[in-house]
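So the structure is just underneath, and the comments pick up after that.
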Amino acid sequence: MSEKYDAIIIGAGVIGAPIAYEMAKMGYKTLNVDKLPDAGEGSTAGSCAIVRAHYSTADGVAMAYEGFKYWLDWENYLDNVEDEKGLAKYMNTGSILLKSQGHDWKKVQANYDEVGVDYEEWDNDKIKKAVPVADLHEFWPVRRPEDPKFYDEPTKALGGGIFCPEAGYVNDPALSAHNIMRAAEAKGSKFIFNAEVVDVRSENNKITGITLKDGTKIDAGIVVNVGGPHSFQINKMAEGVWEGCNIKTKALRHEVMYCPSPDEYDYINDGYHMSDGDIGCYVRPEVGNLFLIGSEDPDCDPQEWVDPDEFYAGKGGHGRDNVLSEEQWKAQCYRLGKRIPSLAVPNQPKGVVDLYDCSDDWIPVYDKSDLPGFYMAIGTSGNQYKNAPVVGRMMAELIDACEKGLDHDNEPMQYKYKFIDRTMNVGFFSRKREINYNSSFSVNG
Amino acid sequence: MKNIAVIIETDVSKSGREEVKEICFGMITIAREKNCELFAFVINADIQALKPDLKSFGIANILDIVLESDLQYNPVVRAKAMVKAVEKFHIDAVFGLCTPMGKDLLPRMAAQLDAPLVMGCIDVDLQPDSHTKNCLAKTLQYSGKAIATIKTRGNIPIFGVKPNAVKPVKAQTDTRILRFDGIDLDATKLKLIQTGRNDKSADINLSEADIIIAGGRGMKNPENFTTLFKCAKILNASVGASRVAVDEGWVPYSMQVGQTGEKVNPKVYIACGISGSIQHFAGMKTSQMVIAINSDKDAPIMSNSDYYVVADALEVIPELTKLLSSTQPKAANLPNYGVGNKF
Amino acid sequence: MQIYVCVRHVPDSAASITVTGGAGIDQNIAFLINPFDEHAITQAVKIRDKIQGAEVIAICLGPDDAQKTLQSSLAMGADRGVLVQTSENHDSILTAKALKTAIEQDGSPDLILTGKESIDAEGMQTMFRIGALFNFPVVNNIVKFNIQDNEAIVDHEFSSGIVNRYKMTLPCVVGAGKALNVPKYPTFPDIVKARKKPVKKIALTDLNIETVTNSMTVVKLEPLLQKRNPEEIKGTAVQAAEQIVQILKFEAKVIS
């Protein structure tokens, strides 16, 4: 390839695309390479695309709240670019966080206060009015259906919840990445697909470019790893990078279920996003009046770390192609069946199986690396979809600052949010950090 | 010597003549084995009209089975008549079609005879070895995901052949007609009291169709299926649907192609606005040619097609209908199921 | 009134089937109740709810894992289950004999329901064999069912668009088609209730079925591979239609 680029971004998902977009706006000539046929086709497509602010850290809450502002103003963010596939839509549902032993909701509430997130406290009656199909007994602790105690009668009631009116989901996550790609292209970015990276090249401790599977070498002084579930493989290709990370990433298999709503409940129009630590599930409406049921990764559930190449090739155990495991289908649907006793659970599992790119503490790594010119936005899956536009801007500014000589490891960049009045210490996401035990170690981040 | 029966299905051409259904010739081709004599079993049909075709495909004996008219469409009576004929003419193996008629008749015969039966055969070997009566039949299992070779053990194996499984090959022979009537049959436990046609569905049965035009999510609403019906009429095709279209209530279940719908084997399958789930492929993957029309170039159906068009099917199909209206269509035959009044 | 529903434990239709050992499949996939059997159970429960003292018994020939399919049947409303245990795959001839013997030992059937076919072996015959063994009338692929004066009136979907109505004496055997009803899936309270319903287990060998000489055995299983080389038809809608006509005429030869 004869063309020269300033920066190569590995991955064209919902994080990779906005990094290109923001760098292009700053004048960088960027190229995204992705092994899949189109933008957002990888783990982005499998994302639940939930936009909600409750995180277990104030910084997490702030970033999500900032991200929310982008989704509200999607056309403007894209600079009114045209996408032949149409635009992704943000659907506001509001979000109920049930107060339970499964969530450190007091911490969340304190974070809301600190950041200035709009919320209301709801008692059980109020929740029951909003979600008439709900049974607000306490079912804690979360168990699996194989455990006979799973079927025990509940005795206590829950103690209400925290309602955030500003929350919802994006109806088509893959399309949202595609939208950002079109916006980036309008600013001069290039994207190539069906292109698998096999080497990240460097000389004299400075990044020089990448090599594709077909032998093509592309040169650039900046390479950004946004490889999603493949991120650890990319880090290993770049000299000294993987070894230089105190926080590592790996691919976690994850299942999301679709279960029809009870007939009498118009969930798609009247429903809320609900985060229910008491049963270890979160739910949101899905087209077809379905409940999309995600897992909050309770301790009793097995974690399956997989080789992303084998997983996407459909090899090794359950494989891809939406083959859900029957045990997990029952676990997630029956748990929700406790909360919603009129929920009818079909015998055949329906849903999505995909991979999380998961870091050791479930907090992403947005950082430079030990190899000058090599950057990373990794460990993002499970809870960073909503932050994607913020991350795009923040990474672009970080890369620009480092290229201009910032010693980010010692004097971390302070990122000024565009919508909310707050600054983020980007050093929080450092690869060199110790494991952050404030994290929920789950999809909640 | 082995006597082999083939159960013939007929239809009535537009000119009113009774004809052997075209899909029978492939079945006869599979059934024809060296040193065997073929018996065509025909119920209440115009034997003289059928004879030339049967003769040219190597049928040595046409068995003219005559049933009392008021009982002739009772499946129990038909099966009993067939079983009597099998016994009387010392038949060693029976072939039928895996059609609506075959699916109702062949298992009844097998159950009565306690004989092995393989449905959906794409190939049959009647004499894989010389010292046993075992046969080998190939059929699809796991909804078209695997080809199974099944060994039958026991007398009078029965094979339901998948339409369009093989190319018909002619073989002239001398043909005689044998009349088999006066069969005293009753069916007191099961009575056919009404038969009718349901307007909403296609005229031509999906499992027998040469051409199928199927619609999916991309049809967007029930009205748009009319576009497909119009095109199908001119093409002499049948209209199918994906599960989404059925679940949405746009078309009746009887039109569903897929794992839990009809399994089809047409010469051409035109998929309109169908993404192509694993369950949908299970119902149509043996189609000889697949043409996919979908506005999403990444839909799985595209990479599993022979030809694909990246476009809205609702724009392409009306153009196709226009073009075809100017050419002469083949005459459409109506299946002879003895269908009476509408419900 | 005793209503027996024969259910089958089959691979999940969404699972990828991997052929192993020449004639079998990799069993390390989810097995579920055969989808057509869900319609049979739903219908049986509907009938039972209208007739006092009626009972629905789900019966299954299969491995230990098939208890899951019986649990699904119970959660959908069957009153109890019978599992005829076997670790091997059996053909329709033996399956019918085993189910007939087990039903006879268990009670006296007034009605037997099955799904119209199983999605794995697709033999489309077991219900007919059960009927013949009992000497009960059989209609498969029914889309409507009513009981009137000790007779069953059923609509049989003969083919797309053609429906035949039959009157059958009871007891009888019917195979449920998909248009018969909408399966009533269980709620969590139904699932909890089903856990307390009885399931009787009998080993196939304990049924003492006489040796069967006729059989159908899968001797070889091969994955069906699709070998298509997709070619794009380009151009406007009119141009695409023109090319399709050419393909139908000269390549597929389905129009003249």
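Residue numbers start at 1 in each chain; chains themselves are named A, B, ... in the order of the structure tokens; ligands are numbered from 1 in the order shown.
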
Item checked: Near-Val6 of chain B list (8 Å; only C-alpha atoms; drop same-chain fewer than 4 positions) as a PyMOL selection string -> chain B and resi 27-28+31+38-41+94-96

What does the file look like for those residues with N, CA and C atoms, as an mmCIF file, in the first residue's frame?
data_model
loop_
_atom_site.group_PDB
_atom_site.id
_atom_site.type_symbol
_atom_site.label_atom_id
_atom_site.label_comp_id
_atom_site.auth_asym_id
_atom_site.auth_seq_id
_atom_site.Cartn_x
_atom_site.Cartn_y
_atom_site.Cartn_z
ATOM 1 N N MET B 27 -38.514 -40.312 -9.248
ATOM 2 C CA MET B 27 -38.716 -41.429 -8.314
ATOM 3 C C MET B 27 -38.600 -42.766 -9.053
ATOM 4 N N ILE B 28 -39.224 -42.850 -10.251
ATOM 5 C CA ILE B 28 -39.157 -44.101 -11.020
ATOM 6 C C ILE B 28 -37.704 -44.391 -11.384
ATOM 7 N N ALA B 31 -36.085 -45.955 -8.528
ATOM 8 C CA ALA B 31 -36.630 -47.283 -8.215
ATOM 9 C C ALA B 31 -36.184 -48.354 -9.216
ATOM 10 N N LEU B 38 -40.992 -53.380 -12.582
ATOM 11 C CA LEU B 38 -41.662 -52.241 -11.961
ATOM 12 C C LEU B 38 -43.177 -52.342 -12.097
ATOM 13 N N PHE B 39 -43.866 -52.073 -10.989
ATOM 14 C CA PHE B 39 -45.332 -52.005 -10.958
ATOM 15 C C PHE B 39 -45.732 -50.578 -10.588
ATOM 16 N N ALA B 40 -46.458 -49.925 -11.487
ATOM 17 C CA ALA B 40 -46.966 -48.591 -11.130
ATOM 18 C C ALA B 40 -48.331 -48.766 -10.479
ATOM 19 N N PHE B 41 -48.479 -48.266 -9.251
ATOM 20 C CA PHE B 41 -49.771 -48.323 -8.562
ATOM 21 C C PHE B 41 -50.496 -47.004 -8.812
ATOM 22 N N VAL B 94 -41.412 -50.839 -1.981
ATOM 23 C CA VAL B 94 -42.378 -49.837 -2.441
ATOM 24 C C VAL B 94 -41.705 -48.470 -2.479
ATOM 25 N N PHE B 95 -41.946 -47.737 -3.568
ATOM 26 C CA PHE B 95 -41.485 -46.353 -3.659
ATOM 27 C C PHE B 95 -42.678 -45.431 -3.777
ATOM 28 N N GLY B 96 -42.611 -44.328 -3.060
ATOM 29 C CA GLY B 96 -43.624 -43.293 -3.215
ATOM 30 C C GLY B 96 -42.923 -41.957 -3.166
#

Notebook entry, point to check: Near segment 59-65 of chain C, within 6 Å and counting only C-alpha atoms, which residues show up once chain neighbours fewer than 3 positions away are dropped, as a ChimeraX atom specification?
Noted result: /C:6-8,81-87

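Residues lying within 9 Å of Val117 of chain A, counting only C-alpha atoms and ignoring same-chain neighbours fewer than 2 positions away, are Ala53, Val61, Ala62, Tyr65, Asn111, Tyr112, Asp113, Glu114, Val115, Tyr119, Cys164 and Glu166 of chain A.
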
Margin query: Using only C-alpha atoms and a cut-off of 7 Å, which residues of chain C sit close to chain B? Please list them as JSON, numbers by chain.
Written below: {"C": [13, 14, 17, 119, 120, 121, 122, 123, 125, 128, 129, 132, 137, 158, 159, 160, 161, 162, 163, 164, 165, 166, 167, 168, 169, 179, 213, 214, 215, 216, 217, 218, 219, 220, 221, 222, 223, 224, 228, 229, 230, 231, 232, 233, 234, 237, 238, 240, 241, 255]}

Output C-alpha atoms for every residue in the selection just made, as a short mmCIF file (atom, residue, chain, number, x, y, z; two decimals), in the first residue's frame.
data_model
loop_
_atom_site.label_atom_id
_atom_site.label_comp_id
_atom_site.auth_asym_id
_atom_site.auth_seq_id
_atom_site.Cartn_x
_atom_site.Cartn_y
_atom_site.Cartn_z
CA SER C 13 -32.61 -26.44 16.28
CA ALA C 14 -30.13 -23.57 16.59
CA ILE C 17 -24.55 -30.43 14.30
CA ILE C 119 -36.78 -32.40 13.93
CA ASP C 120 -33.82 -34.78 14.24
CA ALA C 121 -34.64 -38.06 12.52
CA GLU C 122 -37.60 -36.67 10.57
CA GLY C 123 -39.02 -40.17 10.15
CA GLN C 125 -44.05 -42.28 11.02
CA PHE C 128 -48.83 -44.15 12.63
CA ARG C 129 -46.99 -47.14 14.06
CA ALA C 132 -51.42 -49.54 14.22
CA PRO C 137 -57.17 -44.43 14.01
CA PHE C 158 -52.94 -32.04 3.95
CA SER C 159 -50.79 -29.52 2.18
CA SER C 160 -50.39 -25.80 1.96
CA GLY C 161 -53.94 -24.58 1.45
CA ILE C 162 -55.77 -27.91 1.58
CA VAL C 163 -57.45 -28.99 4.79
CA ASN C 164 -59.34 -32.24 5.30
CA ARG C 165 -61.74 -32.72 8.18
CA TYR C 166 -61.97 -36.17 9.76
CA LYS C 167 -64.18 -37.79 12.33
CA MET C 168 -62.29 -40.34 14.42
CA THR C 169 -63.51 -42.77 17.03
CA ALA C 179 -50.92 -24.18 13.34
CA THR C 213 -36.43 -58.10 13.26
CA ASN C 214 -37.39 -55.17 11.06
CA SER C 215 -35.35 -52.06 11.51
CA MET C 216 -33.89 -48.88 10.12
CA THR C 217 -30.34 -48.17 11.23
CA VAL C 218 -28.25 -45.11 10.48
CA VAL C 219 -25.00 -46.61 9.22
CA LYS C 220 -23.39 -43.41 8.05
CA LEU C 221 -23.87 -39.72 8.74
CA GLU C 222 -22.16 -37.01 6.71
CA PRO C 223 -22.42 -33.27 7.15
CA LEU C 224 -24.23 -31.63 4.28
CA ARG C 228 -22.16 -22.22 -3.50
CA ASN C 229 -20.08 -19.52 -5.11
CA PRO C 230 -22.12 -16.38 -4.75
CA GLU C 231 -22.04 -14.08 -7.72
CA GLU C 232 -23.41 -10.56 -7.49
CA ILE C 233 -26.08 -9.34 -9.90
CA LYS C 234 -25.41 -5.65 -10.28
CA ALA C 237 -33.77 -2.97 -10.33
CA VAL C 238 -34.69 -3.33 -14.01
CA ALA C 240 -31.22 -7.03 -12.06
CA ALA C 241 -34.64 -8.35 -13.12
CA ILE C 255 -38.97 -21.03 -17.80
#

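For chain A, the residues within 8 Å of chain C are Tyr151, Gly317, His318, Asn322, Val323, Ser325, Glu326, Tyr334, Gly337, Lys338, Pro341, Ser342, Leu343, Ala344, Val345, Pro346, Asn347 and Gln348 of chain A, with only C-alpha atoms used to measure distance.
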
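Shortest atom-to-atom contact with Lys200 of chain C among C:Ala96, C:Val5, C:Asp106, C:Asp49: C:Asp106, counting only C-alpha atoms.
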
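All residues of protein, DNA or RNA that reach within 9 Å of Met1 of chain C, judged by only C-alpha atoms and not counting those fewer than 4 positions away in the chain, are C:Arg48, C:Ile51, C:Gln52, C:Gly53, C:Ala54, C:Glu55, C:Val56, C:Ser108, C:Pro109, C:Asp110, C:Leu111.
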
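We find atom CA of Gly271 of chain A and atom CA of Cys259 of chain A to be spaced 14.0 Å apart.
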
Check: Contacts of Leu50 of chain B at 12 Å or less, counting only C-alpha atoms, minus same-chain residues fewer than 2 places along, as number ranges by chain?
Finding: B: 8-12, 17-22, 24, 40-48, 52-57, 59, 62-64, 175, 177

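The coordinates place atom CA of Gly26 of chain B at 17.2 Å from atom CA of Ala252 of chain C.
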
Next item on the list: Return as an MDAnalysis selection string the full set of residues in segment 34-146 of chain C whose backbone-based DSSP assignment is helix (DSSP H, G or I).
Entry: chainID C and resid 35:50 64:75 92:106 126:134

Output of the above residues as a compact mmCIF listing (two decimals), in the first residue's frame, restricted to N, CA and C atoms:
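After the write, selection-v3.txt holds the following:
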# COMPACT_ATOMS: atom_id res chain seq x y z
N PRO C 35 -39.89 -29.24 19.04
CA PRO C 35 -40.81 -28.08 18.99
C PRO C 35 -42.26 -28.44 18.68
N PHE C 36 -42.50 -29.42 17.83
CA PHE C 36 -43.89 -29.77 17.51
C PHE C 36 -44.60 -30.39 18.73
N ASP C 37 -43.82 -31.02 19.60
CA ASP C 37 -44.41 -31.65 20.79
C ASP C 37 -44.96 -30.59 21.76
N GLU C 38 -44.41 -29.38 21.67
CA GLU C 38 -44.94 -28.29 22.52
C GLU C 38 -46.41 -28.04 22.17
N HIS C 39 -46.73 -28.16 20.89
CA HIS C 39 -48.13 -27.96 20.47
C HIS C 39 -49.00 -29.11 20.97
N ALA C 40 -48.42 -30.31 20.97
CA ALA C 40 -49.16 -31.48 21.44
C ALA C 40 -49.48 -31.34 22.93
N ILE C 41 -48.50 -30.94 23.71
CA ILE C 41 -48.71 -30.76 25.16
C ILE C 41 -49.76 -29.67 25.41
N THR C 42 -49.59 -28.53 24.72
CA THR C 42 -50.52 -27.42 24.91
C THR C 42 -51.96 -27.87 24.62
N GLN C 43 -52.13 -28.65 23.54
CA GLN C 43 -53.47 -29.12 23.18
C GLN C 43 -54.00 -30.08 24.24
N ALA C 44 -53.15 -30.99 24.68
CA ALA C 44 -53.57 -31.97 25.68
C ALA C 44 -54.05 -31.27 26.94
N VAL C 45 -53.32 -30.24 27.36
CA VAL C 45 -53.69 -29.50 28.57
C VAL C 45 -55.03 -28.79 28.38
N LYS C 46 -55.22 -28.23 27.18
CA LYS C 46 -56.50 -27.57 26.87
C LYS C 46 -57.66 -28.55 26.98
N ILE C 47 -57.47 -29.75 26.44
CA ILE C 47 -58.54 -30.75 26.46
C ILE C 47 -58.81 -31.16 27.92
N ARG C 48 -57.72 -31.42 28.63
CA ARG C 48 -57.86 -31.85 30.03
C ARG C 48 -58.65 -30.83 30.85
N ASP C 49 -58.34 -29.56 30.64
CA ASP C 49 -58.96 -28.52 31.45
C ASP C 49 -60.47 -28.44 31.24
N LYS C 50 -60.95 -29.06 30.15
CA LYS C 50 -62.38 -29.03 29.88
C LYS C 50 -63.08 -30.28 30.39
N ASP C 64 -31.15 -40.43 30.08
CA ASP C 64 -31.42 -39.76 31.35
C ASP C 64 -31.67 -38.26 31.17
N ASP C 65 -30.87 -37.67 30.26
CA ASP C 65 -30.96 -36.23 30.01
C ASP C 65 -32.38 -35.82 29.55
N ALA C 66 -33.14 -36.80 29.02
CA ALA C 66 -34.48 -36.50 28.52
C ALA C 66 -35.43 -36.13 29.65
N GLN C 67 -34.99 -36.30 30.89
CA GLN C 67 -35.81 -35.83 32.01
C GLN C 67 -36.09 -34.34 31.88
N LYS C 68 -35.15 -33.64 31.25
CA LYS C 68 -35.34 -32.19 31.05
C LYS C 68 -36.55 -31.94 30.15
N THR C 69 -36.68 -32.77 29.11
CA THR C 69 -37.81 -32.63 28.21
C THR C 69 -39.12 -32.94 28.94
N LEU C 70 -39.06 -33.94 29.84
CA LEU C 70 -40.26 -34.24 30.63
C LEU C 70 -40.56 -33.09 31.59
N GLN C 71 -39.51 -32.52 32.20
CA GLN C 71 -39.73 -31.37 33.08
C GLN C 71 -40.39 -30.22 32.32
N SER C 72 -39.92 -29.99 31.07
CA SER C 72 -40.54 -28.94 30.25
C SER C 72 -42.01 -29.25 30.03
N SER C 73 -42.32 -30.53 29.77
CA SER C 73 -43.71 -30.93 29.54
C SER C 73 -44.55 -30.71 30.79
N LEU C 74 -43.98 -31.05 31.94
CA LEU C 74 -44.70 -30.88 33.20
C LEU C 74 -44.92 -29.39 33.48
N ALA C 75 -43.88 -28.59 33.21
CA ALA C 75 -44.01 -27.15 33.44
C ALA C 75 -45.07 -26.55 32.53
N SER C 92 -38.03 -45.81 14.54
CA SER C 92 -39.46 -45.63 14.80
C SER C 92 -40.16 -46.93 15.14
N ILE C 93 -39.70 -48.03 14.55
CA ILE C 93 -40.36 -49.32 14.79
C ILE C 93 -40.25 -49.67 16.28
N LEU C 94 -39.03 -49.59 16.80
CA LEU C 94 -38.85 -49.93 18.22
C LEU C 94 -39.42 -48.86 19.13
N THR C 95 -39.27 -47.60 18.75
CA THR C 95 -39.81 -46.52 19.57
C THR C 95 -41.31 -46.70 19.77
N ALA C 96 -42.01 -46.99 18.67
CA ALA C 96 -43.46 -47.17 18.75
C ALA C 96 -43.80 -48.34 19.68
N LYS C 97 -43.04 -49.43 19.55
CA LYS C 97 -43.33 -50.61 20.39
C LYS C 97 -43.07 -50.29 21.86
N ALA C 98 -41.98 -49.59 22.12
CA ALA C 98 -41.64 -49.25 23.50
C ALA C 98 -42.70 -48.33 24.09
N LEU C 99 -43.11 -47.31 23.33
CA LEU C 99 -44.10 -46.37 23.86
C LEU C 99 -45.43 -47.07 24.07
N LYS C 100 -45.80 -47.93 23.13
CA LYS C 100 -47.08 -48.64 23.25
C LYS C 100 -47.07 -49.50 24.52
N THR C 101 -46.00 -50.24 24.71
CA THR C 101 -45.93 -51.13 25.87
C THR C 101 -45.95 -50.31 27.18
N ALA C 102 -45.18 -49.23 27.18
CA ALA C 102 -45.12 -48.41 28.40
C ALA C 102 -46.46 -47.75 28.70
N ILE C 103 -47.14 -47.30 27.67
CA ILE C 103 -48.46 -46.68 27.88
C ILE C 103 -49.43 -47.73 28.43
N GLU C 104 -49.39 -48.92 27.84
CA GLU C 104 -50.29 -50.00 28.27
C GLU C 104 -50.06 -50.39 29.72
N GLN C 105 -48.78 -50.43 30.10
CA GLN C 105 -48.46 -50.77 31.49
C GLN C 105 -48.90 -49.67 32.44
N ASP C 106 -48.91 -48.44 31.94
CA ASP C 106 -49.18 -47.29 32.81
C ASP C 106 -50.67 -47.03 33.00
N THR C 126 -43.76 -42.41 13.47
CA THR C 126 -43.96 -43.08 14.76
C THR C 126 -45.43 -43.07 15.18
N MET C 127 -46.12 -41.94 14.95
CA MET C 127 -47.52 -41.88 15.39
C MET C 127 -48.38 -42.91 14.65
N PHE C 128 -48.06 -43.16 13.39
CA PHE C 128 -48.83 -44.15 12.63
C PHE C 128 -48.57 -45.57 13.15
N ARG C 129 -47.32 -45.81 13.54
CA ARG C 129 -46.99 -47.14 14.06
C ARG C 129 -47.66 -47.37 15.42
N ILE C 130 -47.66 -46.32 16.25
CA ILE C 130 -48.33 -46.46 17.55
C ILE C 130 -49.80 -46.77 17.32
N GLY C 131 -50.42 -46.04 16.39
CA GLY C 131 -51.83 -46.25 16.09
C GLY C 131 -52.09 -47.67 15.63
N ALA C 132 -51.22 -48.18 14.75
CA ALA C 132 -51.42 -49.54 14.22
C ALA C 132 -51.28 -50.57 15.34
N LEU C 133 -50.32 -50.36 16.25
CA LEU C 133 -50.11 -51.33 17.34
C LEU C 133 -51.33 -51.37 18.27
N PHE C 134 -51.93 -50.22 18.51
CA PHE C 134 -53.12 -50.17 19.37
C PHE C 134 -54.41 -50.46 18.59
